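One structure is given here, and the rest of the page talks about it.
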Amino acid sequence: MLETAAGIVGAGAVCDVPGVVRAAFGSVDLAAQPGVDHTSHTALRYARSAVVLAAAVTLVRLPR
């Protein structure tokens with residue numbers, strides 16, 4: 001579960017850990033850190049994209 005700024009920045013490393021089978025994005029907890037609305041697709045677009053790309057590169061299942 002990627003739900004902090006550090007988790008998003010290190011998404012590739014997190015997804016590359018042996019045993020990880022799916023990347024998941026925690027929008028509510030992540031949004032609380034910088035103080036943005038967790039329902040804002042604009043504010044969280046980069047983070048969502050980073051998780052999807054990290055999952056694709058490391059071949060773990062993509063978030064739903």
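Quick note on naming: the chains in the structure tokens go A, B, ... in the order shown, residues restart at 1 in each chain, and ligands are numbered from 1 in order of appearance.
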Discussion item. Need to verify the contact set: Ala47 (chain A), 9 Å, only C-alpha atoms, exclusion of same-chain residues closer than 2 positions in sequence. Can you return it as a list in words?
Written reply: Ala5, Ile8, Val9, Phe25, Ser27, Leu30, Ala43, Leu44, Arg45, Ser49, Ala50, Val51 and Val52 of chain A
Practice prompt. Assign secondary structure with DSSP using the backbone only, and return the residues of chain A in alpha helix (DSSP H) as a ChimeraX atom specification.
Written response: /A:5-9,11-15,27-32,41-58
Same residues, N, CA and C atoms, saved as a compact mmCIF listing (two decimals), in the first residue's frame:
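selection22.txt, written as the output of this step:
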# COMPACT_ATOMS: atom_id res chain seq x y z
N ALA A 5 4.17 10.31 0.74
CA ALA A 5 4.99 10.91 -0.32
C ALA A 5 6.24 10.07 -0.55
N ALA A 6 6.85 9.60 0.52
CA ALA A 6 8.05 8.75 0.38
C ALA A 6 7.71 7.45 -0.34
N GLY A 7 6.56 6.89 -0.07
CA GLY A 7 6.14 5.67 -0.75
C GLY A 7 5.94 5.88 -2.24
N ILE A 8 5.38 7.02 -2.61
CA ILE A 8 5.18 7.33 -4.03
C ILE A 8 6.52 7.54 -4.72
N VAL A 9 7.41 8.31 -4.09
CA VAL A 9 8.73 8.55 -4.67
C VAL A 9 9.49 7.24 -4.82
N ALA A 11 8.12 4.20 -5.20
CA ALA A 11 7.17 3.18 -5.66
C ALA A 11 7.86 2.05 -6.41
N GLY A 12 8.84 2.36 -7.22
CA GLY A 12 9.54 1.31 -7.96
C GLY A 12 10.25 0.35 -7.03
N ALA A 13 10.90 0.88 -6.02
CA ALA A 13 11.60 0.02 -5.07
C ALA A 13 10.62 -0.81 -4.25
N VAL A 14 9.51 -0.20 -3.86
CA VAL A 14 8.50 -0.93 -3.10
C VAL A 14 7.93 -2.08 -3.93
N CYS A 15 7.58 -1.80 -5.17
CA CYS A 15 7.01 -2.83 -6.05
C CYS A 15 8.02 -3.92 -6.39
N SER A 27 -5.10 6.88 -1.30
CA SER A 27 -5.32 8.30 -1.60
C SER A 27 -5.65 9.14 -0.37
N VAL A 28 -6.40 8.61 0.57
CA VAL A 28 -6.81 9.40 1.73
C VAL A 28 -5.59 9.75 2.59
N ASP A 29 -4.79 8.74 2.92
CA ASP A 29 -3.60 9.01 3.74
C ASP A 29 -2.59 9.89 3.01
N LEU A 30 -2.39 9.64 1.72
CA LEU A 30 -1.45 10.46 0.97
C LEU A 30 -1.92 11.91 0.91
N ALA A 31 -3.18 12.13 0.64
CA ALA A 31 -3.71 13.49 0.54
C ALA A 31 -3.58 14.26 1.85
N ALA A 32 -3.67 13.56 2.97
CA ALA A 32 -3.56 14.21 4.27
C ALA A 32 -2.17 14.79 4.50
N HIS A 41 -8.77 14.35 -8.37
CA HIS A 41 -7.96 13.59 -9.32
C HIS A 41 -6.78 14.42 -9.81
N THR A 42 -6.96 15.73 -9.89
CA THR A 42 -5.88 16.60 -10.34
C THR A 42 -4.73 16.60 -9.33
N ALA A 43 -5.06 16.76 -8.05
CA ALA A 43 -4.01 16.84 -7.02
C ALA A 43 -3.23 15.54 -6.88
N LEU A 44 -3.87 14.41 -7.17
CA LEU A 44 -3.22 13.11 -6.96
C LEU A 44 -2.84 12.41 -8.26
N ARG A 45 -2.96 13.10 -9.37
CA ARG A 45 -2.67 12.49 -10.68
C ARG A 45 -1.25 11.94 -10.77
N TYR A 46 -0.27 12.73 -10.35
CA TYR A 46 1.12 12.27 -10.42
C TYR A 46 1.31 10.99 -9.60
N ALA A 47 0.77 10.99 -8.38
CA ALA A 47 0.95 9.84 -7.49
C ALA A 47 0.30 8.59 -8.08
N ARG A 48 -0.90 8.72 -8.61
CA ARG A 48 -1.58 7.57 -9.22
C ARG A 48 -0.76 7.04 -10.40
N SER A 49 -0.27 7.94 -11.21
CA SER A 49 0.53 7.55 -12.37
C SER A 49 1.82 6.86 -11.95
N ALA A 50 2.46 7.37 -10.91
CA ALA A 50 3.71 6.78 -10.42
C ALA A 50 3.50 5.34 -9.97
N VAL A 51 2.38 5.07 -9.31
CA VAL A 51 2.09 3.71 -8.85
C VAL A 51 1.84 2.78 -10.04
N VAL A 52 1.07 3.25 -10.99
CA VAL A 52 0.79 2.43 -12.18
C VAL A 52 2.07 2.13 -12.95
N LEU A 53 2.91 3.13 -13.15
CA LEU A 53 4.16 2.91 -13.88
C LEU A 53 5.12 2.00 -13.12
N ALA A 54 5.22 2.17 -11.81
CA ALA A 54 6.09 1.31 -11.01
C ALA A 54 5.62 -0.14 -11.08
N ALA A 55 4.32 -0.34 -11.02
CA ALA A 55 3.78 -1.70 -11.11
C ALA A 55 4.07 -2.30 -12.48
N ALA A 56 3.92 -1.51 -13.51
CA ALA A 56 4.16 -2.01 -14.87
C ALA A 56 5.63 -2.38 -15.09
N VAL A 57 6.52 -1.56 -14.60
CA VAL A 57 7.96 -1.81 -14.78
C VAL A 57 8.41 -3.04 -14.01
N THR A 58 7.86 -3.25 -12.83
CA THR A 58 8.29 -4.36 -12.00
C THR A 58 7.42 -5.60 -12.19
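CA of Arg61 (chain A) lies 13.3 Å from CA of Pro18 (chain A).
Nearest to Arg22 (chain A) of all the residues A:Ser40, A:Leu59, A:Pro34, A:Thr4 is A:Leu59, counting only C-alpha atoms.
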Worksheet item: Residues of chain A in strand (DSSP E or B) according to DSSP, as an MDAnalysis selection string?
Response: chainID A and resid 2 22 25 61
